[in-house]
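Have a look at target_32.tsv; it's TSV, C-alpha atoms and all ligand atoms:
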chain	number	residue	atom	x	y	z
A	1	MET	CA	0.00	0.00	0.00
A	2	VAL	CA	2.70	2.46	1.04
A	3	GLU	CA	4.73	1.40	-1.96
A	4	TYR	CA	1.75	1.97	-4.24
A	5	LEU	CA	1.18	5.47	-2.87
A	6	GLU	CA	4.85	6.32	-3.17
A	7	LYS	CA	4.81	5.30	-6.81
A	8	LEU	CA	1.66	7.25	-7.48
A	9	TRP	CA	3.19	10.33	-5.93
A	10	ALA	CA	6.48	9.93	-7.83
A	11	LYS	CA	4.63	9.61	-11.12
A	12	ALA	CA	2.38	12.55	-10.35
A	13	GLU	CA	5.40	14.65	-9.56
A	14	ASN	CA	7.06	13.78	-12.88
A	15	PHE	CA	3.94	14.44	-14.87
A	16	TYR	CA	3.22	17.84	-13.33
A	17	ARG	CA	6.81	19.00	-13.76
A	18	ASP	CA	6.69	18.10	-17.47
A	19	TYR	CA	3.22	19.56	-17.91
A	20	TYR	CA	4.00	22.91	-16.28
A	21	LEU	CA	7.25	23.17	-18.20
A	22	GLU	CA	5.78	22.33	-21.61
A	23	LYS	CA	2.81	24.64	-21.15
A	24	GLY	CA	4.87	27.43	-19.56
A	25	LEU	CA	2.72	27.39	-16.42
A	26	GLY	CA	5.51	28.29	-14.02
A	27	ASP	CA	6.28	26.48	-10.79
A	28	PRO	CA	4.09	23.38	-10.16
A	29	GLY	CA	4.87	23.54	-6.43
A	30	PHE	CA	1.46	24.70	-5.28
A	31	ARG	CA	-0.44	22.17	-7.38
A	32	LEU	CA	1.90	19.39	-6.27
A	33	ALA	CA	1.37	20.22	-2.62
A	34	GLN	CA	-2.40	19.92	-3.16
A	35	ILE	CA	-1.94	16.56	-4.86
A	36	LYS	CA	0.36	15.28	-2.13
A	37	ALA	CA	-2.21	16.13	0.53
A	38	GLU	CA	-4.94	14.46	-1.48
A	39	ILE	CA	-2.94	11.28	-2.03
A	40	ASP	CA	-2.12	11.16	1.69
A	41	THR	CA	-5.76	11.37	2.73
A	42	LYS	CA	-7.58	9.57	-0.10
A	43	GLY	CA	-5.01	7.32	-1.76
A	44	THR	CA	-5.75	9.00	-5.08
A	45	TYR	CA	-6.22	12.50	-6.49
A	46	TRP	CA	-8.46	14.36	-8.89
A	47	GLN	CA	-7.11	15.85	-12.11
A	48	THR	CA	-8.60	19.01	-13.57
A	49	TYR	CA	-10.14	18.85	-17.03
A	50	ALA	CA	-7.16	20.75	-18.48
A	51	GLU	CA	-4.76	18.19	-16.98
A	52	LEU	CA	-6.83	15.27	-18.21
A	53	GLU	CA	-7.10	16.73	-21.70
A	54	TYR	CA	-3.40	17.47	-21.94
A	55	GLY	CA	-2.55	14.01	-20.56
A	56	ALA	CA	-4.74	12.17	-23.06
A	57	LYS	CA	-3.26	14.12	-25.98
A	58	ILE	CA	0.32	13.60	-24.82
A	59	ALA	CA	-0.44	9.91	-24.38
A	60	TRP	CA	-1.32	9.81	-28.09
A	61	ARG	CA	1.82	11.77	-28.97
A	62	ASN	CA	3.82	9.21	-26.97
A	63	SER	CA	2.29	6.15	-28.67
A	64	ASN	CA	5.37	4.65	-30.28
A	65	ARG	CA	3.39	2.30	-32.49
A	66	CYS	CA	1.00	4.88	-33.94
A	67	ILE	CA	1.67	6.24	-37.42
A	68	GLY	CA	-1.20	8.77	-37.11
A	69	ARG	CA	0.31	10.98	-34.44
A	70	LEU	CA	0.46	14.15	-36.54
A	71	PHE	CA	-3.09	14.78	-35.36
A	72	TRP	CA	-2.52	14.40	-31.60
A	73	LYS	CA	-3.63	17.95	-30.83
A	74	SER	CA	-7.02	17.40	-32.44
A	75	LEU	CA	-8.12	14.68	-29.99
A	76	LYS	CA	-11.47	15.53	-28.42
A	77	VAL	CA	-11.53	14.59	-24.76
A	78	ARG	CA	-14.80	13.68	-23.03
A	79	ASP	CA	-14.67	13.81	-19.24
A	80	LEU	CA	-17.08	11.12	-18.02
A	81	ARG	CA	-15.59	10.56	-14.58
A	82	HIS	CA	-18.90	11.25	-12.84
A	83	ILE	CA	-20.57	8.17	-14.36
A	84	ASN	CA	-21.16	5.23	-12.03
A	85	GLU	CA	-23.61	2.84	-13.68
A	86	GLU	CA	-23.07	0.32	-16.48
A	87	GLN	CA	-26.16	1.57	-18.32
A	88	ASP	CA	-24.80	5.14	-18.32
A	89	ILE	CA	-21.39	3.94	-19.53
A	90	PHE	CA	-23.10	2.08	-22.33
A	91	GLU	CA	-25.11	5.14	-23.38
A	92	ALA	CA	-22.03	7.36	-23.24
A	93	ILE	CA	-20.16	4.92	-25.48
A	94	VAL	CA	-23.01	4.84	-28.00
A	95	GLU	CA	-22.87	8.63	-28.01
A	96	HIS	CA	-19.09	8.40	-28.54
A	97	LEU	CA	-19.78	6.32	-31.65
A	98	HIS	CA	-22.13	8.98	-33.02
A	99	LEU	CA	-19.76	11.84	-32.26
A	100	ALA	CA	-16.76	10.02	-33.74
A	101	SER	CA	-18.59	8.72	-36.83
A	102	ASN	CA	-19.85	12.19	-37.73
A	103	GLN	CA	-21.57	10.95	-40.91
A	104	GLY	CA	-18.31	9.50	-42.16
A	105	LYS	CA	-16.03	12.46	-41.48
A	106	ILE	CA	-14.41	10.66	-38.58
A	107	ARG	CA	-13.15	12.64	-35.60
A	108	PRO	CA	-10.71	11.29	-33.00
A	109	TYR	CA	-12.36	11.13	-29.57
A	110	ILE	CA	-11.56	9.66	-26.16
A	111	SER	CA	-14.14	9.03	-23.44
A	112	ILE	CA	-12.54	8.95	-20.02
A	113	PHE	CA	-14.33	7.24	-17.15
A	114	ARG	CA	-13.19	7.33	-13.54
A	115	ALA	CA	-9.66	6.17	-12.70
A	116	GLU	CA	-9.04	2.87	-10.99
A	117	GLU	CA	-8.58	2.85	-7.20
A	118	PRO	CA	-6.88	-0.47	-6.58
A	119	HIS	CA	-6.70	0.00	-2.80
A	120	LEU	CA	-10.53	0.17	-2.73
A	121	GLY	CA	-11.09	-2.59	-5.29
A	122	LYS	CA	-12.56	-0.04	-7.70
A	123	SER	CA	-11.99	-0.35	-11.42
A	124	ILE	CA	-14.17	-0.05	-14.52
A	125	ARG	CA	-13.26	-2.45	-17.29
A	126	LEU	CA	-14.50	-3.09	-20.79
A	127	TRP	CA	-14.01	-6.73	-21.68
A	128	ASN	CA	-14.01	-5.99	-25.42
A	129	SER	CA	-10.84	-5.29	-27.37
A	130	GLN	CA	-12.67	-2.75	-29.54
A	131	ILE	CA	-16.16	-1.34	-29.09
A	132	ILE	CA	-17.07	-2.57	-32.57
A	133	HIS	CA	-15.61	-5.93	-33.54
A	134	TYR	CA	-16.96	-8.96	-35.35
A	135	ALA	CA	-17.54	-12.26	-33.61
A	136	GLY	CA	-15.68	-15.42	-34.57
A	137	TYR	CA	-17.23	-18.90	-34.42
A	138	GLU	CA	-15.34	-22.14	-34.71
A	139	GLN	CA	-17.46	-24.82	-36.34
A	140	SER	CA	-16.04	-28.23	-37.09
A	141	GLY	CA	-12.57	-26.95	-37.82
A	142	GLN	CA	-13.86	-24.03	-39.90
A	143	VAL	CA	-14.05	-20.44	-38.72
A	144	LEU	CA	-16.95	-18.14	-39.44
A	145	GLY	CA	-16.24	-14.46	-38.81
A	146	ASP	CA	-13.12	-13.03	-37.20
A	147	PRO	CA	-10.81	-15.72	-35.78
A	148	ALA	CA	-9.26	-13.07	-33.51
A	149	GLU	CA	-12.49	-13.06	-31.49
A	150	ILE	CA	-13.19	-16.80	-31.12
A	151	GLU	CA	-12.26	-16.87	-27.44
A	152	PHE	CA	-14.10	-13.69	-26.54
A	153	THR	CA	-17.15	-14.74	-28.56
A	154	LYS	CA	-17.33	-17.90	-26.44
A	155	ILE	CA	-17.20	-15.81	-23.28
A	156	CYS	CA	-20.08	-13.67	-24.57
A	157	GLN	CA	-22.09	-16.78	-25.35
A	158	GLU	CA	-21.44	-18.11	-21.85
A	159	LEU	CA	-22.76	-14.81	-20.54
A	160	GLY	CA	-25.98	-15.40	-22.50
A	161	TRP	CA	-25.32	-13.63	-25.82
A	162	GLN	CA	-26.40	-15.18	-29.07
A	163	GLY	CA	-25.08	-13.99	-32.41
A	164	ALA	CA	-26.97	-14.16	-35.66
A	165	GLY	CA	-24.30	-16.49	-37.05
A	166	THR	CA	-22.96	-14.38	-39.92
A	167	ALA	CA	-19.34	-13.55	-40.72
A	168	PHE	CA	-19.95	-10.00	-39.47
A	169	ASP	CA	-21.92	-10.19	-36.21
A	170	ILE	CA	-21.13	-7.24	-33.98
A	171	LEU	CA	-20.15	-8.43	-30.52
A	172	PRO	CA	-22.01	-7.05	-27.51
A	173	LEU	CA	-20.41	-4.55	-25.18
A	174	VAL	CA	-19.32	-6.19	-21.91
A	175	ILE	CA	-18.93	-3.73	-19.05
A	176	GLN	CA	-17.65	-4.58	-15.60
A	177	MET	CA	-17.97	-2.19	-12.67
A	178	ASP	CA	-15.53	-2.86	-9.86
A	179	GLU	CA	-16.02	-6.36	-8.49
A	180	GLN	CA	-19.50	-6.87	-9.87
A	181	ARG	CA	-20.67	-9.31	-12.50
A	182	PRO	CA	-20.17	-7.90	-16.01
A	183	LYS	CA	-23.21	-6.65	-17.89
A	184	LEU	CA	-23.87	-7.14	-21.59
A	185	PHE	CA	-25.31	-4.55	-23.96
A	186	ASP	CA	-26.17	-4.80	-27.64
A	187	ILE	CA	-24.81	-1.93	-29.68
A	188	PRO	CA	-27.71	-0.39	-31.62
A	189	PRO	CA	-27.16	-0.96	-35.38
A	190	LYS	CA	-27.87	2.74	-35.95
A	191	ALA	CA	-24.70	3.60	-34.03
A	192	VAL	CA	-22.51	1.43	-36.24
A	193	LEU	CA	-21.26	2.89	-39.49
A	194	GLU	CA	-20.20	0.12	-41.88
A	195	VAL	CA	-18.88	0.16	-45.42
A	196	PRO	CA	-19.86	-2.57	-47.91
A	197	LEU	CA	-16.84	-3.52	-50.00
A	198	SER	CA	-16.70	-3.39	-53.79
A	199	HIS	CA	-13.98	-3.07	-56.41
A	200	PRO	CA	-13.84	-0.29	-59.02
A	201	GLU	CA	-13.20	-2.78	-61.86
A	202	HIS	CA	-14.24	-6.25	-60.71
A	203	ALA	CA	-18.00	-6.54	-60.37
A	204	TRP	CA	-17.71	-9.96	-58.66
A	205	PHE	CA	-16.05	-8.34	-55.64
A	206	ALA	CA	-19.29	-6.83	-54.29
A	207	GLN	CA	-20.88	-10.29	-54.54
A	208	LEU	CA	-18.50	-11.58	-51.86
A	209	GLY	CA	-20.62	-9.74	-49.30
A	210	LEU	CA	-17.67	-8.27	-47.45
A	211	LYS	CA	-17.77	-5.17	-45.29
A	212	TRP	CA	-15.85	-3.41	-42.52
A	213	TYR	CA	-16.79	-0.89	-39.85
A	214	ALA	CA	-15.69	2.75	-40.02
A	215	VAL	CA	-14.55	3.56	-36.49
A	216	PRO	CA	-11.71	1.66	-34.79
A	217	LEU	CA	-12.57	2.39	-31.14
A	218	ILE	CA	-10.00	0.75	-28.87
A	219	ALA	CA	-11.53	-0.46	-25.61
A	220	ASP	CA	-8.88	-2.44	-23.76
A	221	MET	CA	-6.01	-0.05	-23.19
A	222	VAL	CA	-5.24	1.86	-20.01
A	223	LEU	CA	-4.55	5.56	-20.15
A	224	GLU	CA	-1.90	6.46	-17.59
A	225	ILE	CA	-1.57	10.11	-16.59
A	226	GLY	CA	0.43	11.23	-13.58
A	227	GLY	CA	0.30	7.77	-11.99
A	228	LEU	CA	-3.48	7.44	-12.31
A	229	HIS	CA	-4.77	4.54	-14.37
A	230	TYR	CA	-7.85	5.22	-16.47
A	231	THR	CA	-8.78	1.61	-17.12
A	232	CYS	CA	-11.90	2.54	-19.05
A	233	ALA	CA	-10.94	5.16	-21.62
A	234	PRO	CA	-11.98	4.06	-25.12
A	235	PHE	CA	-10.45	6.13	-27.93
A	236	ASN	CA	-10.66	6.22	-31.70
A	237	GLY	CA	-9.00	7.56	-34.80
A	238	TRP	CA	-9.82	6.76	-38.41
A	239	TYR	CA	-8.53	3.71	-40.22
A	240	MET	CA	-5.39	3.41	-42.27
A	241	LEU	CA	-6.16	1.35	-45.40
A	242	THR	CA	-3.72	-1.49	-44.75
A	243	GLU	CA	-5.09	-2.17	-41.25
A	244	ILE	CA	-8.28	-3.41	-42.85
A	245	ALA	CA	-7.20	-4.60	-46.28
A	246	ALA	CA	-3.77	-6.08	-45.62
A	247	ARG	CA	-4.15	-7.26	-42.02
A	248	ASN	CA	-7.76	-7.77	-40.89
A	249	LEU	CA	-8.95	-9.21	-44.20
A	250	GLY	CA	-5.63	-10.53	-45.50
A	251	ASP	CA	-3.84	-12.14	-42.54
A	252	ALA	CA	-3.98	-15.93	-42.66
A	253	HIS	CA	-5.07	-15.93	-38.99
A	254	ARG	CA	-7.80	-13.33	-39.59
A	255	TYR	CA	-10.30	-13.33	-42.49
A	256	ASN	CA	-7.68	-14.97	-44.72
A	257	LEU	CA	-9.10	-13.66	-47.99
A	258	LEU	CA	-6.00	-13.75	-50.21
A	259	PRO	CA	-6.61	-17.29	-51.56
A	260	LEU	CA	-10.23	-16.47	-52.39
A	261	ILE	CA	-9.38	-13.16	-54.09
A	262	ALA	CA	-6.57	-14.84	-56.04
A	263	LYS	CA	-8.97	-17.51	-57.24
A	264	LYS	CA	-11.47	-14.88	-58.34
A	265	LEU	CA	-8.67	-13.10	-60.19
A	266	ASN	CA	-7.84	-16.39	-61.94
A	267	LEU	CA	-4.32	-16.34	-60.57
A	268	ASP	CA	-2.24	-19.48	-60.37
A	269	THR	CA	-1.84	-20.10	-56.65
A	270	HIS	CA	0.36	-23.16	-56.99
A	271	SER	CA	3.67	-21.40	-56.90
A	272	ASN	CA	5.00	-18.49	-54.90
A	273	GLN	CA	6.67	-17.35	-58.10
A	274	HIS	CA	3.39	-16.10	-59.48
A	275	LEU	CA	3.26	-13.56	-56.66
A	276	TRP	CA	-0.45	-14.27	-56.32
A	277	LYS	CA	-0.55	-13.12	-52.71
A	278	ASP	CA	0.96	-9.77	-53.67
A	279	ARG	CA	-1.50	-9.27	-56.51
A	280	ALA	CA	-4.50	-10.36	-54.45
A	281	MET	CA	-3.42	-8.10	-51.61
A	282	LEU	CA	-3.15	-5.12	-53.95
A	283	GLU	CA	-6.65	-5.67	-55.35
A	284	LEU	CA	-8.04	-6.06	-51.84
A	285	ASN	CA	-6.49	-2.71	-50.92
A	286	ILE	CA	-7.85	-1.08	-54.06
A	287	ALA	CA	-11.32	-2.36	-53.17
A	288	VAL	CA	-11.26	-1.12	-49.56
A	289	LEU	CA	-9.94	2.31	-50.54
A	290	HIS	CA	-12.49	2.65	-53.33
A	291	SER	CA	-15.35	1.54	-51.05
A	292	PHE	CA	-14.58	3.94	-48.20
A	293	LYS	CA	-14.03	6.86	-50.61
A	294	SER	CA	-17.21	6.20	-52.53
A	295	VAL	CA	-19.39	6.42	-49.40
A	296	GLY	CA	-17.42	9.36	-47.96
A	297	VAL	CA	-15.94	7.62	-44.90
A	298	SER	CA	-12.52	8.85	-43.71
A	299	LEU	CA	-9.68	6.44	-44.36
A	300	VAL	CA	-6.03	7.23	-45.02
A	301	ASP	CA	-3.91	5.26	-47.48
A	302	HIS	CA	-0.59	4.04	-46.15
A	303	HIS	CA	1.54	6.32	-48.34
A	304	THR	CA	-0.23	9.44	-47.09
A	305	ALA	CA	-0.12	8.19	-43.49
A	306	ALA	CA	3.62	7.57	-43.77
A	307	GLU	CA	4.17	11.09	-45.14
A	308	GLN	CA	2.09	12.50	-42.30
A	309	PHE	CA	4.23	10.61	-39.82
A	310	ILE	CA	7.38	12.14	-41.29
A	311	ARG	CA	5.77	15.57	-40.87
A	312	PHE	CA	5.01	14.67	-37.26
A	313	THR	CA	8.65	13.76	-36.62
A	314	ALA	CA	9.84	17.04	-38.17
A	315	GLN	CA	7.35	18.96	-36.06
A	316	GLU	CA	8.48	17.21	-32.90
A	317	GLU	CA	12.12	17.90	-33.61
A	318	GLN	CA	11.29	21.55	-34.10
A	319	GLU	CA	9.67	21.56	-30.66
A	320	GLY	CA	12.89	20.13	-29.25
A	321	ARG	CA	11.43	16.69	-28.53
A	322	GLN	CA	13.00	13.43	-29.62
A	323	VAL	CA	10.53	11.12	-31.33
A	324	GLN	CA	10.17	7.63	-29.93
A	325	ALA	CA	8.78	5.08	-32.38
A	326	ASP	CA	8.51	1.34	-32.96
A	327	TRP	CA	9.80	0.73	-36.50
A	328	ALA	CA	8.05	-2.60	-36.99
A	329	TRP	CA	4.70	-0.98	-36.27
A	330	ILE	CA	5.26	2.32	-38.06
A	331	VAL	CA	6.28	0.82	-41.41
A	332	PRO	CA	3.05	-0.26	-43.15
A	333	PRO	CA	2.58	-3.94	-43.94
A	334	MET	CA	2.79	-3.53	-47.69
A	335	SER	CA	5.19	-1.69	-50.04
A	336	GLY	CA	7.28	-0.74	-46.99
A	337	SER	CA	10.46	0.27	-48.76
A	338	SER	CA	8.60	2.68	-51.06
A	339	MET	CA	8.02	4.93	-48.05
A	340	THR	CA	10.51	7.18	-46.27
A	341	VAL	CA	9.65	5.66	-42.87
A	342	PHE	CA	11.24	2.37	-43.97
A	343	HIS	CA	14.62	4.05	-44.23
A	344	LYS	CA	14.52	5.71	-40.80
A	345	ASN	CA	15.45	4.61	-37.32
A	346	TRP	CA	14.03	5.81	-34.03
A	347	ASP	CA	14.61	5.28	-30.34
A	348	ASN	CA	11.81	3.24	-28.87
A	349	GLU	CA	11.62	4.32	-25.26
A	350	VAL	CA	8.14	4.25	-23.70
A	351	LEU	CA	7.27	7.63	-22.19
A	352	THR	CA	4.27	8.49	-20.01
A	353	PRO	CA	1.50	9.59	-20.25
A	354	ASN	CA	0.71	6.71	-22.59
A	355	TYR	CA	-1.80	4.01	-23.48
A	356	PHE	CA	-0.79	0.64	-22.08
A	357	TYR	CA	-1.93	-2.90	-22.68
A	358	ASN	CA	-3.84	-4.61	-19.92
A	359	THR	CA	-4.54	-8.32	-19.46
A	360	PRO	CA	-8.15	-8.75	-20.58
A	361	ILE	CA	-10.06	-9.28	-17.37
A	362	TRP	CA	-11.80	-12.38	-18.77
A	363	LYS	CA	-8.45	-13.95	-19.57
A	364	ALA	CA	-7.22	-13.36	-16.05
A	365	ALA	CA	-10.59	-14.66	-14.85
A	366	THR	CA	-10.60	-17.86	-16.88
A	367	THR	CA	-7.01	-18.74	-15.93
A	368	ALA	CA	-7.68	-18.17	-12.25
A	369	GLU	CA	-10.97	-20.04	-12.44
A	370	THR	CA	-9.38	-23.17	-13.78
A	371	SER	CA	-6.51	-23.02	-11.33
A	372	SER	CA	-8.26	-22.06	-8.12
A	373	LYS	CA	-12.02	-22.26	-8.67
A	374	ILE	CA	-12.53	-18.59	-8.00
A	375	CYS	CA	-15.69	-17.21	-9.53
A	376	PRO	CA	-14.50	-15.52	-12.74
A	377	PHE	CA	-16.61	-12.48	-12.03
A	378	HIS	CA	-15.05	-11.89	-8.66
A	379	ILE	CA	-11.46	-12.31	-9.64
A	380	ASN	CA	-11.13	-8.58	-9.91
A	381	SER	CA	-10.04	-8.43	-6.32
A	382	GLN	CA	-7.71	-5.91	-4.79
A	383	LYS	CA	-4.80	-8.31	-5.04
A	384	GLU	CA	-5.51	-9.01	-8.70
A	385	MET	CA	-5.73	-5.33	-9.44
A	386	ALA	CA	-2.52	-4.61	-7.61
A	387	ASN	CA	-0.84	-7.29	-9.75
A	388	GLN	CA	-2.26	-5.75	-12.87
A	389	SER	CA	-1.00	-2.34	-11.87
A	390	LYS	CA	2.43	-3.87	-11.67
A	391	GLU	CA	2.08	-5.51	-15.07
A	392	LEU	CA	1.19	-2.19	-16.60
A	393	GLU	CA	4.50	-0.72	-15.66
A	394	LEU	CA	6.36	-3.51	-17.37
A	395	SER	CA	4.60	-3.14	-20.69
B	401	LIG	N1	-5.41	-2.21	-36.13
B	401	LIG	C1	-6.67	-2.13	-35.47
B	401	LIG	C2	-7.77	-2.66	-36.40
B	401	LIG	O1	-7.48	-2.99	-37.51
B	401	LIG	C3	-7.02	-0.72	-35.07
B	401	LIG	C4	-5.97	0.02	-34.28
B	401	LIG	C5	-6.17	1.52	-34.23
B	401	LIG	N2	-6.14	2.06	-35.55
B	401	LIG	C6	-6.39	3.36	-35.86
B	401	LIG	N3	-6.38	3.69	-37.11
B	401	LIG	N4	-6.62	4.25	-34.92
B	401	LIG	O2	-8.91	-2.74	-36.06

Represent the supplied structure as structure tokens.
Amino acid sequence: MVEYLEKLWAKAENFYRDYYLEKGLGDPGFRLAQIKAEIDTKGTYWQTYAELEYGAKIAWRNSNRCIGRLFWKSLKVRDLRHINEEQDIFEAIVEHLHLASNQGKIRPYISIFRAEEPHLGKSIRLWNSQIIHYAGYEQSGQVLGDPAEIEFTKICQELGWQGAGTAFDILPLVIQMDEQRPKLFDIPPKAVLEVPLSHPEHAWFAQLGLKWYAVPLIADMVLEIGGLHYTCAPFNGWYMLTEIAARNLGDAHRYNLLPLIAKKLNLDTHSNQHLWKDRAMLELNIAVLHSFKSVGVSLVDHHTAAEQFIRFTAQEEQEGRQVQADWAWIVPPMSGSSMTVFHKNWDNEVLTPNYFYNTPIWKAATTAETSSKICPFHINSQKEMANQSKELELS
């Protein structure tokens, strides 16, 4: 406990020094004294909206794996720390979807719910990886839908959810308040902007019945600002083309569409030397780009995104900050060497504020359940949370 508070205080101190310096706010001494007193009496402290907003934006700027960071200042920050009921969280998230979708002209938003208080066993968690994601069903060795969600789909089914059984069933939202049983909510179809996929030259493409959603709204990362952990802080940007076309639809362990597209293109798939995967991947990308553009939904192609990232790095250098970046994530998954980012190198130190991975609560729950027969919905105990707080620091 003492150790936890000491860490919280040390992190708060670092954050406020950086914040006051960067914003030219003078000496943070007075504010820090307030925070120290608050931590001593309550074991946590309350950040002002300005601090929260700055922290969330800097966390984006510090996201080493994100190629879209040129736009970090434009993040719209929703302060939802007063909310205390699952139903209200659900409604606020549906509203987030509307605000972010903006009829296709996607705007980056973050919705921040109250910070975790591990010493009191208080933590809000979304069990989903993204607010909108398609279910995956394993049926006699075959997969229908998104294989990345097979495990989580099973969990939802165990909690009483039933999908329609298509390749694009939107998973329900699973919200857990503190140590209570998680609650399930269906996302209203009206809140979900989706784009049917077609190809500008191949009419057969539309017949495949493929689609993807417009707003990638990450649900499972923890926003850390000044030592506080916002465990429920879903945020979105717009998609980069290759995330959908090369990875989600193309990866062999995801929708695995390259063999099908190649067949439709009458390519010879028997030898690598025909480069059928490369050709199929290119057509898949052409289709996704064409589809999003033709319905007016924001999406950035990888070449433009890579150029924007280079502008971001130049801007940062001008501000006297050294860019931290993860090369393997920044370089897009196709045509890498045709982009300047391929030929660069960056330090990859993880700064805070930042968005960190967290063990999905249902994974922690299922492992503990099998090993110690603890009810999976009550695993979220103080000890568990303290462990997770430790894990966060390592990632
Ligand atoms: N790669 C993830 C996906 O394909 C989304 C990650 C966030 N992406 C973004 N453009 N903000 O769903």

Item to check | Within-6 Å residues of ligand LIG 401 (chain B), basis all atoms listed in the file, as a list of chain:residue names | outcome: A:Pro216, A:Asn236, A:Gly237, A:Trp238, A:Tyr239, A:Met240, A:Glu243, A:Ile244, A:Asn248

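Among the candidates A:Ser291, A:Thr166, A:Asn256, A:Gln130, the one nearest to Gly145 in chain A when counting all atoms listed in the file is A:Thr166.
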
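Using only C-alpha atoms, the shortest contact distance between His199 in chain A and any of A:Ala148, A:Leu99, A:Ile225, A:Leu284 is found at A:Leu284.
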
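Take the candidates A:Ile39, A:Leu249, A:Ala206, A:Leu275 and check each one against Ala10 in chain A using all atoms listed in the file; the shortest distance goes to A:Ile39.
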
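If you look at CA of Ala135 in chain A and CA of Pro333 in chain A, they are 24.1 Å away from each other.
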
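You can rank A:Ile361, A:Ile261, A:Leu144, A:Ile310 by their closest distance to Val331 in chain A using all atoms listed in the file, and at the top of that list sits A:Ile310.
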
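Comparing A:Trp60, A:Ser271, A:Lys23, A:Gly29 by their smallest distance to Pro353 in chain A, the closest is A:Trp60 (using all atoms listed in the file).
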
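For Val222 in chain A, the set of protein, DNA and RNA residues having any atom at most 8 Å away, when counting all atoms listed in the file and skipping those fewer than 3 positions along the same chain, is His229, Tyr230, Thr231, Cys232, Ala233, Tyr355, Phe356, Tyr357 and Asn358 of chain A.
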
Checklist entry - Which residue, A:Ala262, A:Glu51, A:Asn354, A:Lys42, has the smallest gap to His274 in chain A when you use all atoms listed in the file? => result A:Ala262

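Between CA of Phe30 in chain A and CA of Gly226 in chain A the interatomic distance comes to 15.9 Å.
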
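Separating CA of Arg81 in chain A from CA of Phe113 in chain A is a distance of 4.4 Å.
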
Item to check | 12 Å contact set for Ala37 in chain A, only C-alpha atoms, chain neighbours under 6 positions out, as JSON, numbers by chain | outcome: {"A": [5, 9, 30, 31, 43, 44, 45, 46]}

Need the shell around range 151-153 of chain A: protein/DNA/RNA residues with any atom at most 8 Å away, counting only C-alpha atoms. Skip same-chain ones fewer than 5 positions apart. Format as a compact mmCIF listing (two decimals) with C-alpha atoms, in the frame of the given file?
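As written to disk, result-v1.txt reads:
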# COMPACT_ATOMS: atom_id res chain seq x y z
CA ASN A 128 -14.01 -5.99 -25.42
CA ALA A 135 -17.54 -12.26 -33.61
CA GLY A 136 -15.68 -15.42 -34.57
CA TYR A 137 -17.23 -18.90 -34.42
CA LEU A 171 -20.15 -8.43 -30.52
